[in-house]
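Below you'll find the structure, written out as C-alpha cells, and then a few comments.
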Amino acid sequence: MTPPPDLTGTFRRQLAGVRIDHDDVDGYLGPRGWLVTSGVTDVVAPFVTHLPADDGDVARFAGLDACAAQALLEILGPEQLEDRQNDAPSLGVLLRTTVAHPDAVELHGYLVGPVRTDERLTAEGCLVYGAPDLDITPRHDPGCQCDRLWALVQRDLGITDAACLPHEVTRQLNPWRPNEPCWSLWWD
C-alpha cells in the first residue's frame, strides 16, 4: 500500500524555505502558514491527488467527504469560508452541502501553499452522485439535460450561491467509488 502524499510536510518545507518580509507576514486569508498551523493540511491530506511540483504549483485534492468537510467547517473562519474559485459556489456552501448530503456530494479543488501570499484552500467543484440517467453532452447539444441536473443541485442539495452554471459537467467513475457514476461539476 502506498503511503498518502505528505501534504503537511511539503508545505512545512515550503514555509521553512521562504523569506517572509515584514510586509508579507499576513497572506490573502491569514498569517503565512495558516493551512499547516490550523490543521487544514492534515484534514485534506487523505484526499490529495497531486503534490506541488515546485513552489508556484498547487496541491490538488478530490473526493473530500462529509467527515473532512465537517472538520474543515470547525477549523475555518468566516472569511475563509466565503472564498470561492471565480464563479464557483463559496467554500462554506460547498462544505455545508457535503456534510448535509454525505452520500451525494464530494468536493474537489486545490490548496495554494505558504510560499505564495494567496495561500488558501479552494473547492473548484463537486462530485454529485445522483441522476445518473440524465443525458448531458459536453457541448450542450439540443436535448442536453444539464439544466435538470443544475436544478437538482440547487433545489435538492442547496448549492445556491454560484455565479453561474458550472463551466464543465462531465460524467465519471472514481476509483474510490467504482460502481457509482457521478457528475463532476467544475467552475473556472
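As shown in the C-alpha cells, the chain order sets the letters A, B, ...; within each chain, residues go from 1, and ligands are also counted from 1 in the order they appear.
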For segment 109-124 of chain A, work out the shell of residues within 7 Å, counting only C-alpha atoms and skipping chain neighbours fewer than 2 positions away, then give it as a PDB file with C-alpha atoms, in the first residue's frame.
ATOM      1  CA  PHE A  11       4.006  22.876   2.998  1.00  0.00           C
ATOM      2  CA  GLN A  14       7.922  25.473   1.671  1.00  0.00           C
ATOM      3  CA  LEU A  15       7.402  27.679   4.699  1.00  0.00           C
ATOM      4  CA  VAL A  18      10.529  31.223   2.350  1.00  0.00           C
ATOM      5  CA  GLY A  27      -1.329  36.447   3.403  1.00  0.00           C
ATOM      6  CA  TYR A  28      -4.585  36.558   1.496  1.00  0.00           C
ATOM      7  CA  LEU A  29      -6.694  34.711   4.103  1.00  0.00           C
ATOM      8  CA  ARG A  32       1.597  32.788   6.348  1.00  0.00           C
ATOM      9  CA  GLY A  33       1.498  29.056   7.063  1.00  0.00           C
ATOM     10  CA  ASP A  55       6.758  26.409  -5.111  1.00  0.00           C
ATOM     11  CA  VAL A  58      -0.719  23.832  -6.152  1.00  0.00           C
ATOM     12  CA  ALA A  59      -1.699  20.646  -4.318  1.00  0.00           C
ATOM     13  CA  ARG A  60      -4.847  19.044  -5.751  1.00  0.00           C
ATOM     14  CA  PHE A  61      -7.487  17.024  -3.910  1.00  0.00           C
ATOM     15  CA  ALA A  62     -10.574  15.036  -4.908  1.00  0.00           C
ATOM     16  CA  ARG A  84     -14.552  30.966  -3.944  1.00  0.00           C
ATOM     17  CA  GLN A  85     -12.969  29.914  -7.216  1.00  0.00           C
ATOM     18  CA  ALA A  88     -17.957  28.684  -8.175  1.00  0.00           C
ATOM     19  CA  LEU A  91     -16.286  27.127   0.070  1.00  0.00           C
ATOM     20  CA  LEU A 107     -15.546  18.089  -3.259  1.00  0.00           C
ATOM     21  CA  TRP A 186     -16.349  22.396 -12.292  1.00  0.00           C
ATOM     22  CA  TRP A 187     -16.201  26.187 -12.329  1.00  0.00           C
TER      23      TRP A 187
END
- Message: Which of chain A end up as alpha helix (DSSP H) when DSSP is run on this backbone - answer as a ChimeraX atom specification?
- Response: /A:7-16,34-37,40-44,66-75,78-82,91-100,146-155
Within 7 Å of Ser90 of chain A, counting only C-alpha atoms, which residues qualify if same-chain residues fewer than 6 places away don't, as a short mmCIF file (atom, residue, chain, number, x, y, z; two decimals) with N, CA, C and O atoms, in the first residue's frame?
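This is the output file result05.cif:
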data_model
loop_
_atom_site.label_atom_id
_atom_site.label_comp_id
_atom_site.auth_asym_id
_atom_site.auth_seq_id
_atom_site.Cartn_x
_atom_site.Cartn_y
_atom_site.Cartn_z
N LEU A 81 -14.31 30.78 4.62
CA LEU A 81 -15.49 30.07 4.12
C LEU A 81 -16.19 30.83 3.00
O LEU A 81 -16.91 30.23 2.19
N GLU A 82 -15.99 32.13 2.92
CA GLU A 82 -16.60 32.94 1.86
C GLU A 82 -15.77 32.91 0.57
O GLU A 82 -16.25 33.32 -0.48
N ASP A 83 -14.54 32.42 0.65
CA ASP A 83 -13.68 32.38 -0.53
C ASP A 83 -14.28 31.46 -1.58
O ASP A 83 -14.98 30.50 -1.27
N ARG A 84 -14.02 31.77 -2.85
CA ARG A 84 -14.55 30.97 -3.94
C ARG A 84 -13.61 31.01 -5.13
O ARG A 84 -12.86 31.95 -5.30
N ASP A 161 -25.22 29.57 -4.32
CA ASP A 161 -24.52 30.85 -4.43
C ASP A 161 -23.46 30.89 -5.54
O ASP A 161 -22.60 31.77 -5.52
#
- From atom CA of Pro181 of chain A to atom CA of Asp147 of chain A the spacing works out at 18.5 Å
- Task: Would you list, as a VMD selection string, the residues of chain A that end up in strand (DSSP E or B) under DSSP run on this structure's backbone?
- Result: chain A and resid 26 31 48 to 50 59 to 64 105 to 112 120 to 128 168 to 174 177 to 186
- Distance query segment 126-131 of chain A at most 12 Å, only C-alpha atoms, self and fewer than 5 positions along chain excluded, as JSON, numbers by chain: {"A": [61, 62, 63, 64, 65, 88, 89, 90, 91, 93, 94, 95, 97, 98, 101, 102, 103, 104, 105, 106, 107, 108, 109, 136, 145, 146, 148, 149, 150, 151, 152, 153, 154, 156, 157, 159, 166, 168, 169, 170, 171, 172, 173, 174, 177, 178, 179, 180, 181, 182, 183, 184, 185, 186, 187]}
- Atom pair atom CA of Thr37 of chain A / atom CA of Gly17 of chain A: separation (Å):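 Pair atom CA of Thr37 of chain A / atom CA of Gly17 of chain A returns 16.2 Å.
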- Task: Go through A:Ala16, A:Val43, A:Cys144, A:Ala100 and flag the residue nearest Ala66 of chain A, using only C-alpha atoms for the distances.
- Result: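 Going through A:Ala16, A:Val43, A:Cys144, A:Ala100 one by one, the smallest distance to Ala66 of chain A is for A:Ala100.
Relative to atom CA of Pro142 of chain A, atom CA of Gly125 of chain A is found at 24.7 Å.
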